[in-house]
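Printed here is target-v4.cif (mmCIF, C-alpha atoms):
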data_start
loop_
_atom_site.label_atom_id
_atom_site.label_comp_id
_atom_site.auth_asym_id
_atom_site.auth_seq_id
_atom_site.Cartn_x
_atom_site.Cartn_y
_atom_site.Cartn_z
CA LEU A 81 -22.92 -39.83 -37.85
CA PHE A 82 -20.94 -37.35 -39.90
CA VAL A 83 -17.21 -36.77 -39.25
CA ARG A 84 -15.35 -33.96 -40.99
CA LYS A 85 -11.87 -32.51 -40.95
CA PRO A 86 -11.25 -29.68 -38.48
CA THR A 87 -11.37 -26.09 -39.74
CA MET A 88 -10.12 -22.76 -38.36
CA GLU A 89 -13.49 -22.30 -36.65
CA ASP A 90 -12.54 -25.24 -34.40
CA VAL A 91 -9.28 -23.59 -33.24
CA VAL A 92 -9.15 -21.90 -29.81
CA LEU A 93 -6.24 -19.49 -29.38
CA PRO A 94 -4.39 -18.95 -26.08
CA HIS A 95 -5.14 -15.91 -23.93
CA TYR A 96 -4.01 -12.67 -25.52
CA THR A 97 -1.99 -11.73 -22.41
CA ALA A 98 -0.22 -14.21 -20.14
CA TYR A 99 1.12 -13.10 -16.75
CA ILE A 100 3.73 -15.04 -14.79
CA GLU A 101 4.88 -13.76 -11.40
CA CYS A 102 8.63 -13.71 -10.84
CA ASP A 103 8.31 -15.92 -7.77
CA GLU A 104 6.39 -18.62 -9.66
CA THR A 105 7.99 -21.83 -10.84
CA TYR A 106 7.28 -22.33 -14.54
CA ALA A 107 8.54 -24.41 -17.46
CA THR A 108 10.93 -22.61 -19.83
CA ILE A 109 12.03 -23.12 -23.40
CA ALA A 110 15.33 -25.02 -23.32
CA GLY A 111 18.34 -22.73 -23.08
CA THR A 112 16.30 -19.59 -22.36
CA ASP A 113 14.41 -17.88 -19.57
CA ARG A 114 11.30 -17.59 -21.78
CA PRO A 115 8.21 -19.36 -20.44
CA SER A 116 7.20 -22.43 -22.38
CA PRO A 117 3.72 -22.57 -23.91
CA GLU A 118 3.12 -25.19 -21.23
CA ALA A 119 2.89 -22.17 -18.90
CA THR A 120 1.35 -19.59 -21.24
CA GLY A 121 -0.97 -21.75 -23.32
CA TYR A 122 -1.08 -23.58 -26.67
CA PRO A 123 -3.71 -23.20 -29.36
CA PHE A 124 -5.97 -26.24 -29.45
CA VAL A 125 -8.61 -27.82 -31.63
CA VAL A 126 -12.03 -28.75 -30.26
CA THR A 127 -13.36 -31.97 -31.75
CA ALA A 128 -16.03 -34.51 -30.99
CA PHE A 129 -13.28 -36.75 -29.65
CA GLY A 130 -11.69 -34.21 -27.29
CA HIS A 131 -9.30 -31.29 -27.27
CA TYR A 132 -5.98 -31.50 -29.09
CA GLN A 133 -3.14 -29.04 -28.56
CA LEU A 134 -1.30 -27.58 -31.54
CA GLY A 135 2.36 -26.64 -31.69
CA THR A 136 3.61 -28.97 -28.98
CA PRO A 137 7.09 -30.45 -29.49
CA GLY A 138 6.79 -33.46 -31.74
CA ALA A 139 3.07 -32.91 -32.28
CA GLN A 140 2.63 -29.56 -33.98
CA VAL A 141 -0.11 -30.84 -36.27
CA TYR A 142 -3.55 -32.29 -35.67
CA CYS A 143 -5.01 -33.68 -38.87
CA ASN A 144 -4.79 -30.75 -41.31
CA ILE A 145 -4.28 -27.97 -38.69
CA ALA A 146 -0.74 -27.01 -37.64
CA ALA A 147 0.74 -24.35 -35.35
CA THR A 148 4.20 -22.90 -34.79
CA PHE A 149 5.45 -19.90 -32.83
CA THR A 150 8.31 -17.39 -32.85
CA ASP A 151 9.34 -15.26 -29.86
CA LYS A 152 10.17 -11.62 -30.54
CA ALA A 153 12.83 -9.54 -28.77
CA ARG A 154 12.65 -9.27 -25.01
CA VAL A 155 11.81 -5.89 -23.46
CA ASP A 156 13.08 -5.29 -19.91
CA VAL A 157 10.65 -3.30 -17.76
CA CYS A 158 12.55 -3.32 -14.47
CA SER A 159 15.14 -5.48 -12.78
CA GLU A 160 12.56 -8.15 -12.02
CA SER A 161 10.26 -7.92 -15.06
CA PHE A 162 10.28 -8.31 -18.82
CA TYR A 163 7.81 -8.95 -21.60
CA PHE A 164 7.87 -10.14 -25.18
CA ILE A 165 5.55 -11.01 -28.08
CA ARG A 166 4.99 -14.63 -29.02
CA GLU A 167 3.78 -14.81 -32.61
CA TRP A 168 1.66 -17.86 -33.36
CA THR A 169 1.06 -19.06 -36.93
CA VAL A 170 -1.88 -21.44 -37.32
CA THR A 171 -2.31 -22.99 -40.76
CA ASP A 172 -4.94 -25.17 -42.38
CA TRP A 173 -2.96 -27.22 -44.89
CA CYS A 174 -6.15 -27.94 -46.78
CA ASN A 175 -6.93 -24.24 -47.02
CA PRO A 176 -3.67 -22.21 -46.71
CA GLY A 177 -5.51 -18.95 -47.39
CA ARG A 178 -7.10 -19.20 -43.93
CA THR A 179 -3.77 -18.95 -42.07
CA ILE A 180 -3.99 -17.12 -38.71
CA ILE A 181 -1.13 -14.99 -37.36
CA TYR A 182 -1.79 -14.24 -33.71
CA ASN A 183 0.34 -12.18 -31.31
CA GLN A 184 0.35 -13.20 -27.68
CA LEU A 185 1.79 -10.77 -25.10
CA ILE A 186 3.72 -12.58 -22.36
CA LYS A 187 4.76 -10.74 -19.21
CA VAL A 188 7.12 -12.18 -16.62
CA GLY A 189 7.89 -10.25 -13.47
CA ASP A 190 6.67 -8.54 -10.36
CA PHE A 191 3.00 -7.58 -10.66
CA THR A 192 2.11 -7.69 -6.96
CA ALA A 193 2.29 -4.73 -4.60
CA PRO A 194 4.27 -5.05 -1.35
CA GLU A 195 2.63 -6.35 1.80
CA VAL A 196 2.51 -3.96 4.74
CA GLY A 197 1.72 -4.81 8.36
CA ALA A 198 0.45 -2.72 11.25
CA LEU A 199 2.13 0.20 12.97
CA PRO A 200 3.81 -0.54 16.31
CA GLN A 201 1.84 0.64 19.32
CA ASP A 202 1.55 0.08 23.05
CA PRO A 203 -0.91 -2.73 23.85
CA TRP A 204 -3.00 -0.48 26.11
CA ASP A 205 -3.58 2.10 23.36
CA CYS A 206 -6.26 1.68 20.70
CA ALA A 207 -4.03 3.38 18.12
CA PRO A 208 -0.40 4.57 17.89
CA THR A 209 -0.18 7.37 20.43
CA PHE A 210 2.15 10.34 20.79
CA SER A 211 2.23 12.82 23.65
CA THR A 212 2.24 16.57 23.46
CA GLY A 213 5.32 18.37 24.72
CA PRO A 214 5.83 20.38 27.91
CA PHE A 215 5.91 23.78 26.19
CA GLN A 216 3.10 23.59 23.62
CA CYS A 217 -0.01 21.52 22.95
CA LYS A 218 1.60 19.83 19.97
CA SER A 219 3.74 16.75 19.44
CA ASN A 220 7.14 16.14 17.88
CA PHE A 221 7.78 12.51 17.05
CA VAL A 222 9.56 10.10 14.72
CA VAL A 223 7.44 8.75 11.87
CA PRO A 224 7.07 5.01 12.63
CA THR A 225 7.89 2.16 10.25
CA PRO A 226 5.12 -0.43 9.73
CA ASP A 227 5.85 -3.99 10.75
CA GLY A 228 6.26 -6.77 8.19
CA ILE A 229 7.01 -4.87 4.97
CA SER A 230 7.81 -7.45 2.31
CA ASP A 231 7.63 -7.99 -1.44
CA ASN A 232 7.49 -11.18 -3.45
CA CYS A 233 10.35 -10.18 -5.79
CA SER A 234 11.96 -6.78 -5.23
CA ALA A 235 12.10 -6.19 -1.49
CA ASP A 236 15.39 -4.28 -1.74
CA GLY A 237 13.85 -1.59 -3.95
CA ILE A 238 10.91 -0.65 -1.71
CA LYS A 239 10.17 3.07 -1.33
CA ILE A 240 7.94 4.50 1.39
CA THR A 241 6.41 7.95 1.58
CA VAL A 242 4.15 9.14 4.39
CA ASP A 243 1.54 11.90 4.52
CA ILE A 244 -0.18 13.11 7.67
CA ILE A 245 -3.86 13.98 7.30
CA ALA A 246 -4.97 16.07 10.26
CA PHE A 247 -8.53 16.52 11.49
CA LEU A 248 -8.76 19.96 13.06
CA PRO A 249 -11.68 21.49 15.02
CA GLU A 250 -13.77 24.18 13.37
CA TYR A 251 -14.57 27.47 15.10
CA ASP A 252 -17.43 29.85 14.38
CA ASP A 253 -17.12 33.58 13.76
CA HIS A 254 -17.13 34.21 17.51
CA GLY A 255 -14.30 31.81 18.25
CA PHE A 256 -16.46 29.01 19.67
CA LEU A 257 -16.09 25.36 18.70
CA THR A 258 -18.77 24.15 16.29
CA GLY A 259 -18.29 20.45 17.05
CA GLU A 260 -17.24 19.81 13.45
CA TYR A 261 -13.79 18.95 12.08
CA TYR A 262 -12.13 19.68 8.77
CA GLU A 263 -9.55 17.56 6.97
CA SER A 264 -6.17 19.02 6.09
CA THR A 265 -2.90 17.62 4.77
CA PHE A 266 -0.57 18.53 7.61
CA ALA A 267 2.62 17.12 6.04
CA ALA A 268 3.47 15.25 2.84
CA GLY A 269 6.41 13.28 1.48
CA LEU A 270 7.77 12.18 4.86
CA LYS A 271 9.94 9.10 5.34
CA PRO A 272 9.86 6.54 8.18
CA GLY A 273 12.41 7.56 10.78
CA GLN A 274 12.03 11.25 9.97
CA VAL A 275 11.08 13.68 12.75
CA VAL A 276 7.84 15.59 12.26
CA ASN A 277 7.16 18.65 14.40
CA ASN A 278 4.14 20.49 15.81
CA VAL A 279 1.47 17.88 15.10
CA PRO A 280 -1.68 19.17 16.84
CA LYS A 281 -3.56 17.32 19.54
CA GLY A 282 -6.32 15.05 18.23
CA LEU A 283 -7.08 11.97 16.15
CA HIS A 284 -5.37 11.97 12.73
CA LEU A 285 -4.35 9.68 9.87
CA PHE A 286 -1.07 8.40 8.49
CA LYS A 287 -1.18 7.71 4.75
CA TYR A 288 1.59 5.28 3.75
CA GLN A 289 2.40 4.75 0.06
CA VAL A 290 4.66 1.71 -0.37
CA GLU A 291 6.11 1.03 -3.82
CA ASP A 292 8.42 -1.75 -4.99
CA GLY A 293 11.12 -1.59 -7.63
CA CYS A 294 8.63 -2.39 -10.41
CA LYS A 295 6.22 0.45 -9.53
CA ASN A 296 3.62 -1.74 -7.86
CA ARG A 297 2.09 0.39 -5.12
CA VAL A 298 -0.12 -0.13 -2.11
CA VAL A 299 -1.67 2.65 -0.03
CA LYS A 300 -2.37 2.07 3.67
CA TYR A 301 -4.14 4.34 6.17
CA TYR A 302 -3.54 4.19 9.93
CA TRP A 303 -5.26 6.18 12.64
CA PHE A 304 -3.04 7.72 15.31
CA GLN A 305 -3.64 10.10 18.17
CA VAL A 306 -1.82 12.96 19.83
CA VAL A 307 -2.85 13.23 23.48
CA ASP A 308 -1.83 15.34 26.44
CA ARG A 309 0.37 13.16 28.65
CA SER A 310 2.49 16.01 29.98
CA GLU A 311 1.91 17.14 33.55
CA PRO A 312 0.98 20.77 34.24
CA VAL A 313 3.81 23.12 35.16
CA ALA A 314 3.52 24.20 38.79
CA GLN A 315 4.84 27.65 39.73
CA CYS A 316 4.59 28.39 43.44
CA ASP A 317 5.55 31.12 45.91
CA ASP A 318 8.62 29.82 47.79
CA PHE A 319 8.59 32.62 50.40
CA LEU A 320 5.05 33.04 51.64
CA ASN A 321 4.51 35.26 54.69
CA VAL A 322 1.16 34.94 56.50
CA SER A 323 -0.24 36.22 59.77
CA LEU A 324 -1.65 33.86 62.39
CA SER A 325 -5.20 34.43 63.48
CA GLY A 326 -5.69 35.75 66.99
CA GLN A 327 -9.11 34.15 67.32
CA THR A 328 -7.74 30.72 68.31
CA VAL A 329 -5.75 29.52 71.27
CA ASN A 330 -2.95 27.85 69.33
CA GLY A 331 -2.79 30.39 66.56
CA SER A 332 -3.64 29.30 63.03
CA THR A 333 -4.47 30.63 59.59
CA ARG A 334 -5.81 29.43 56.26
CA ILE A 335 -3.72 29.20 53.10
CA TYR A 336 -5.48 28.56 49.77
CA ALA A 337 -3.96 27.19 46.58
CA ALA A 338 -4.43 30.56 44.92
CA ASP A 339 -2.26 32.14 47.64
CA ILE A 340 0.82 30.14 46.63
CA ASP A 341 0.19 29.95 42.88
CA GLU A 342 2.48 32.11 40.77
CA GLY A 343 1.22 31.24 37.28
CA SER A 344 0.96 27.45 37.12
CA TYR A 345 -0.18 26.40 33.66
CA ASP A 346 -0.76 23.61 31.18
CA ASP A 347 -0.23 24.02 27.46
CA CYS A 348 -3.29 22.01 26.49
CA GLY A 349 -5.97 23.59 28.66
CA PRO A 350 -6.97 25.11 31.96
CA ILE A 351 -5.68 23.75 35.25
CA LYS A 352 -7.43 23.13 38.53
CA LEU A 353 -5.66 24.05 41.77
#

Rewritten as structure tokens:
Amino acid sequence: LFVRKPTMEDVVLPHYTAYIECDETYATIAGTDRPSPEATGYPFVVTAFGHYQLGTPGAQVYCNIAATFTDKARVDVCSESFYFIREWTVTDWCNPGRTIIYNQLIKVGDFTAPEVGALPQDPWDCAPTFSTGPFQCKSNFVVPTPDGISDNCSADGIKITVDIIAFLPEYDDHGFLTGEYYESTFAAGLKPGQVVNNVPKGLHLFKYQVEDGCKNRVVKYYWFQVVDRSEPVAQCDDFLNVSLSGQTVNGSTRIYAADIDEGSYDDCGPIKL
């Protein structure tokens, strides 16, 4: 059995980058808000007898290997996030020329995008549904707000933008439907609660981009439909004069729907009288 002193080849350095979410509970260096190496990692020595941390309070040295650290100036990224460099110095007192200076980047803050729930809809609809209007086969509606928008750290700074991606029917050179649809950005940069006008009938997509105060972003897509739920407009002759037939005893005549129609219509298609 041969036992030797540890060397620099036996030293394992902490991860180059350490992330700590702002909603995590972590140990700090006394009198500061800087994470302790207990949270971000110490260098350690691997030996036949186990692993031994370096640089811990009261035990910075293992045999001939020692470690200390110095924290550089803090850099604020946003109201909930900051980062700094922790400079580790690892020295072999038996071979000072092999000293290691190692920079560890430590980031504390909000690194998680907001959570976004579903869009409100009626339980009998398979997707959020908006009706066309009485005067055109298009819909005007208020852009809905998704349920359950939350963020782990910066909920007050959430920004939401909404695009509408429409799927419109294609027509051939003779004006007939081909059965295919093409994708088009109907509107961009909308906000929840804003009124959008003239959305065509059909099945389309909402694209929600939700960003917190630290620029973490999530993109959500929701199908929605514009359907015709407006009744046809009936226009009828209020003063219809007809002659009774002389072929019957009681006198009668026939009146057809077309006889009293004065231009009844529906904005989304033909009507049946």

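Each of A:Ala268, A:Ala246, A:Val276, A:Ile165 was checked against Gln305 of chain A using only C-alpha atoms; the smallest atom-to-atom distance is that of A:Ala246.
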
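Remark: for Tyr182 of chain A, the closest of the candidate residues A:Ser211, A:Thr148, A:Asn296, A:Gln201 is A:Thr148 (distances computed over all atoms listed in the file).
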
Ground truth for the PyMOL selection byres ((chain A and resi 100-107) around 6), written as a ChimeraX atom specification: /A:99,108,115-116,188-190

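Summary of the local environment: counting only C-alpha atoms, residues at most 8 Å from segment 339-344 of chain A, other than itself and those fewer than 4 positions away along its chain, are Pro312, Val313, Ala314, Gln315, Cys316, Asp317, Asp318, Leu320, Ile335 and Ile351 of chain A.
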
Starting from the displayed file, determine the output of the PyMOL selection byres ((chain A and resi 285) around 8) and express the residue list as number ranges by chain. A: 244-246, 283-284, 286-287, 301-304

Could you list, as number ranges by chain, every residue matched by the PyMOL selection byres ((chain A and resi 221-223) around 9) in this structure? A: 210-211, 219-220, 224-225, 242, 270-279

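Distances to Pro94 of chain A were evaluated for A:Cys158, A:Val170, A:Val307, A:Ile229 using only C-alpha atoms, and the minimum falls at A:Val170.
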
What is the distance, in Å and to one decimal place, between atom CA of Glu250 of chain A and atom CA of Tyr262 of chain A? 6.6 Å

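Atom to atom, atom CA of Pro214 of chain A and atom CA of Asp346 of chain A stand 8.0 Å apart.
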
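For Val126 of chain A, the non-local neighbours within 10 Å, defined as residues at least 5 positions apart in the same chain or in other chains and counting all atoms listed in the file, are Pro86, Thr87, Glu89, Asp90, Val91, Val92, His131, Tyr132 and Gln133 of chain A.
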
Let's have the selection written as a compact mmCIF listing (two decimals), keeping the file's coordinate frame, with C-alpha atoms.
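What ended up in again-v4.txt:
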# COMPACT_ATOMS: atom_id res chain seq x y z
CA PRO A 86 -11.25 -29.68 -38.48
CA THR A 87 -11.37 -26.09 -39.74
CA GLU A 89 -13.49 -22.30 -36.65
CA ASP A 90 -12.54 -25.24 -34.40
CA VAL A 91 -9.28 -23.59 -33.24
CA VAL A 92 -9.15 -21.90 -29.81
CA HIS A 131 -9.30 -31.29 -27.27
CA TYR A 132 -5.98 -31.50 -29.09
CA GLN A 133 -3.14 -29.04 -28.56

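Between atom CA of Gly135 of chain A and atom CA of Pro117 of chain A there is a distance of 8.9 Å.
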
Just the residues within 12 Å of Thr136 of chain A, please, counting only C-alpha atoms, with nothing from its chain fewer than 6 positions along; format it as a PyMOL selection string. chain A and resi 109+116-118+121-124+142+146-149

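With all atoms listed in the file as the atoms that count, the minimum distance from Glu160 of chain A to the choices A:Asp308, A:Asp292, A:Asp205, A:Asp172 is reached by A:Asp292.
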